[in-house]
There are 2 protein chains.
Amino acid sequence: MAEIVVMRAVTSDNKLHADNVRKILDDNGVIGLNLMSSPGAGKTTLLEKTIADNPDIKFGVIEGDVYTARDADRIEKTGAPSIQLNTEGACHLTANMVEAVLPKMNLKELDILIIENIGNLICPSAFSLGTHKRVVLLSTPEGGDKVLKYPAAFHRADAILVTKTDIADAVGFDMNIVLDDLKSVNPKTEPIAMSVVSGEGVDGWYKWLRGLLKK
Amino acid sequence: MAEIVVMRAVTSDNKLHADNVRKILDDNGVIGLNLMSSPGAGKTTLLEKTIADNPDIKFGVIEGDVYTARDADRIEKTGAPSIQLNTEGACHLTANMVEAVLPKMNLKELDILIIENIGNLICPSAFSLGTHKRVVLLSTPEGGDKVLKYPAAFHRADAILVTKTDIADAVGFDMNIVLDDLKSVNPKTEPIAMSVVSGEGVDGWYKWLRGLLKK
């Protein structure tokens, strides 16, 4: 079972801690991603699939959860190094938490460090973790109306993944509402519609990821 | 379009405000429910269906959202009185918000007041709104592992509705994990598995609601 590191959220001086994280990542040539969504939108499943399908990219994962090591246990099975962070109540990660566990990762051997934030579409977006990019998932069963209802997460997203498109019809998902709402909330980021079950759209996500490595 | 009341969260003295809310509800013979879940678990859809199927119960609804009046607009169409509360950022309702809008509702004419909290499985559970009962939704696409990952919401729930069972097979939902986890988190509350699409289990929910009116 994955080791669990329990951390308290420190919101003061978050920018200082985020700057430290960014420097450590840059010094080691690692791209950092902050992965955010509602609970159950498919963050961990996306990581399992992404790691399995891209064996030439060296991924590391920090799994943020309120409780349990369930997600890190799943990532462990992919062979990628992972650390489980538990907040035991706090609704988001803070940069000091990431800073504290970075020494546990062999950053020199990583290309991309993905930090899976707490399942929550509100709080995590307010706290930079020092990552280079923010990736936000919206799963089709949540409904197409969520961009305007929870705009902060989507406003600052560098990639927006609309997940579980294989059940879009079954849940009556309307992509047009998402596209309409993004015109005001985040007009520069085109959402990637995808499903790790059907495989639809995963190439677009992998292309976006690989674009980060070229820079 | 529904009127939007914008309120700031006041977390100090929340118990005092919650006590006031409870007294006002009791004085008017109204049962209050605090409805909580992740975004898109089906809270508003549940209310639309519940109001339509039970015309003899006089429902009122307070819709909590970070932004937009989308949910209150949906409830308005059912004919039930509704008020839209926007927190403009805060991840949960507080009792002072409910207290402030209660005078806008004709409580003497209601049997049950349902307060749809912000879509968030973490923060809302920490703040009493003065309601008599807490109802928590877990939708099958979120996955069966969420009870132990987000225990606070489920621990204090008086009713647990496992929604969207019509797509349970399509999303690989495992009810056994929910039942196992509830043994430690909330052994006294038996979850009601239901779908407003197929109609499965809705009778169990209506029976639970009607049980409140008898008291």
# chains A, B, ... in the order shown; residues from 1 in each chain; ligands from 1

$ closest_atom_pairs --of "stretch 100-166 of chain B" --to "stretch 3-6 of chain B" --cutoff "12 Å" --atoms "only C-alpha atoms" --output "tab-separated table"
residue	atom	partner	partner_atom	distance
B:Ala100	CA	B:Val5	CA	9.5
B:Val101	CA	B:Val5	CA	8.0
B:Leu102	CA	B:Val5	CA	11.6
B:Lys104	CA	B:Val5	CA	10.6

$ residues_around --residues "A:Ala159" --least-positions-apart "4" --cutoff "9 Å" --atoms "only C-alpha atoms" --output "list in words"
Lys133, Arg134, Val135, Val136, Leu137, Phe154, Thr189, Glu190, Pro191, Ile192, Trp205 and Trp208 of chain A

$ write_last_selection --atoms "N, CA, C and O atoms" --output "JSON list (two decimals), in the first residue's frame"
[["chain", "number", "residue", "atom", "x", "y", "z"],
["A", 133, "LYS", "N", 1.18, 24.12, -15.61],
["A", 133, "LYS", "CA", -0.13, 24.15, -16.28],
["A", 133, "LYS", "C", -1.22, 23.60, -15.37],
["A", 133, "LYS", "O", -0.95, 22.78, -14.49],
["A", 134, "ARG", "N", -2.43, 24.08, -15.63],
["A", 134, "ARG", "CA", -3.62, 23.60, -14.93],
["A", 134, "ARG", "C", -4.50, 22.83, -15.91],
["A", 134, "ARG", "O", -4.83, 23.35, -16.98],
["A", 135, "VAL", "N", -4.87, 21.63, -15.52],
["A", 135, "VAL", "CA", -5.74, 20.80, -16.35],
["A", 135, "VAL", "C", -7.03, 20.55, -15.58],
["A", 135, "VAL", "O", -6.98, 20.11, -14.42],
["A", 136, "VAL", "N", -8.16, 20.87, -16.18],
["A", 136, "VAL", "CA", -9.44, 20.69, -15.50],
["A", 136, "VAL", "C", -10.30, 19.69, -16.28],
["A", 136, "VAL", "O", -10.42, 19.78, -17.50],
["A", 137, "LEU", "N", -10.86, 18.74, -15.56],
["A", 137, "LEU", "CA", -11.75, 17.76, -16.15],
["A", 137, "LEU", "C", -13.20, 18.13, -15.84],
["A", 137, "LEU", "O", -13.52, 18.54, -14.72],
["A", 154, "PHE", "N", -12.48, 26.76, -14.45],
["A", 154, "PHE", "CA", -12.34, 26.72, -15.91],
["A", 154, "PHE", "C", -11.65, 27.97, -16.45],
["A", 154, "PHE", "O", -10.97, 27.92, -17.48],
["A", 189, "THR", "N", -9.03, 28.47, -24.54],
["A", 189, "THR", "CA", -8.78, 27.04, -24.34],
["A", 189, "THR", "C", -9.91, 26.20, -24.95],
["A", 189, "THR", "O", -11.05, 26.24, -24.49],
["A", 190, "GLU", "N", -9.55, 25.46, -26.01],
["A", 190, "GLU", "CA", -10.55, 24.62, -26.67],
["A", 190, "GLU", "C", -10.64, 23.29, -25.94],
["A", 190, "GLU", "O", -9.63, 22.61, -25.76],
["A", 191, "PRO", "N", -11.83, 22.90, -25.48],
["A", 191, "PRO", "CA", -11.93, 21.65, -24.72],
["A", 191, "PRO", "C", -11.65, 20.43, -25.59],
["A", 191, "PRO", "O", -11.93, 20.43, -26.78],
["A", 192, "ILE", "N", -11.07, 19.42, -24.95],
["A", 192, "ILE", "CA", -10.81, 18.15, -25.61],
["A", 192, "ILE", "C", -11.85, 17.15, -25.11],
["A", 192, "ILE", "O", -11.88, 16.80, -23.93],
["A", 205, "TRP", "N", -5.43, 14.69, -26.21],
["A", 205, "TRP", "CA", -4.84, 14.91, -24.88],
["A", 205, "TRP", "C", -3.36, 14.57, -24.90],
["A", 205, "TRP", "O", -2.52, 15.32, -24.39],
["A", 208, "TRP", "N", -1.43, 17.25, -26.63],
["A", 208, "TRP", "CA", -1.27, 18.43, -25.77],
["A", 208, "TRP", "C", -0.13, 18.20, -24.77],
["A", 208, "TRP", "O", 0.73, 19.07, -24.57]]

$ closest_atom_pairs --of "chain A" --to "chain B" --cutoff "9 Å" --atoms "only C-alpha atoms" --output "CSV"
residue,atom,partner,partner_atom,distance
A:Ser38,CA,B:Pro39,CA,6.5
A:Pro39,CA,B:Glu142,CA,6.2
A:Gly40,CA,B:Glu142,CA,3.7
A:Ala41,CA,B:Glu142,CA,6.4
A:Gly42,CA,B:Glu142,CA,8.0
A:Asp65,CA,B:Lys149,CA,6.9
A:Val66,CA,B:Lys149,CA,6.2
A:Tyr67,CA,B:Lys149,CA,5.0
A:Thr68,CA,B:Lys149,CA,5.8
A:Ala69,CA,B:Lys149,CA,8.8
A:Arg70,CA,B:Lys149,CA,8.2
A:Gly89,CA,B:Ile122,CA,7.4
A:Ala90,CA,B:Ile122,CA,7.9
A:Cys91,CA,B:Ile122,CA,6.1
A:Gly119,CA,B:Leu121,CA,8.2
A:Asn120,CA,B:Asn120,CA,6.2
A:Leu121,CA,B:Asn120,CA,7.3
A:Ile122,CA,B:Cys91,CA,6.1
A:Cys123,CA,B:Cys91,CA,6.8
A:Ser139,CA,B:Pro141,CA,8.9
A:Pro141,CA,B:Gly40,CA,6.7
A:Glu142,CA,B:Gly40,CA,3.7
A:Gly143,CA,B:Gly40,CA,5.9
A:Asp145,CA,B:Arg70,CA,8.2
A:Lys146,CA,B:Pro39,CA,7.8
A:Leu148,CA,B:Thr68,CA,7.0
A:Lys149,CA,B:Tyr67,CA,5.0
A:Tyr150,CA,B:Val66,CA,6.5
A:Pro151,CA,B:Tyr67,CA,8.0
A:Ala152,CA,B:Gly89,CA,8.1
A:Lys164,CA,B:Val171,CA,8.9
A:Ile167,CA,B:Ala170,CA,7.5
A:Ala170,CA,B:Ile167,CA,7.5
A:Val171,CA,B:Ile167,CA,8.1

$ atom_distance --atom1 "atom CA of A:Ser198" --atom2 "atom CA of A:Val185"
28.7 Å
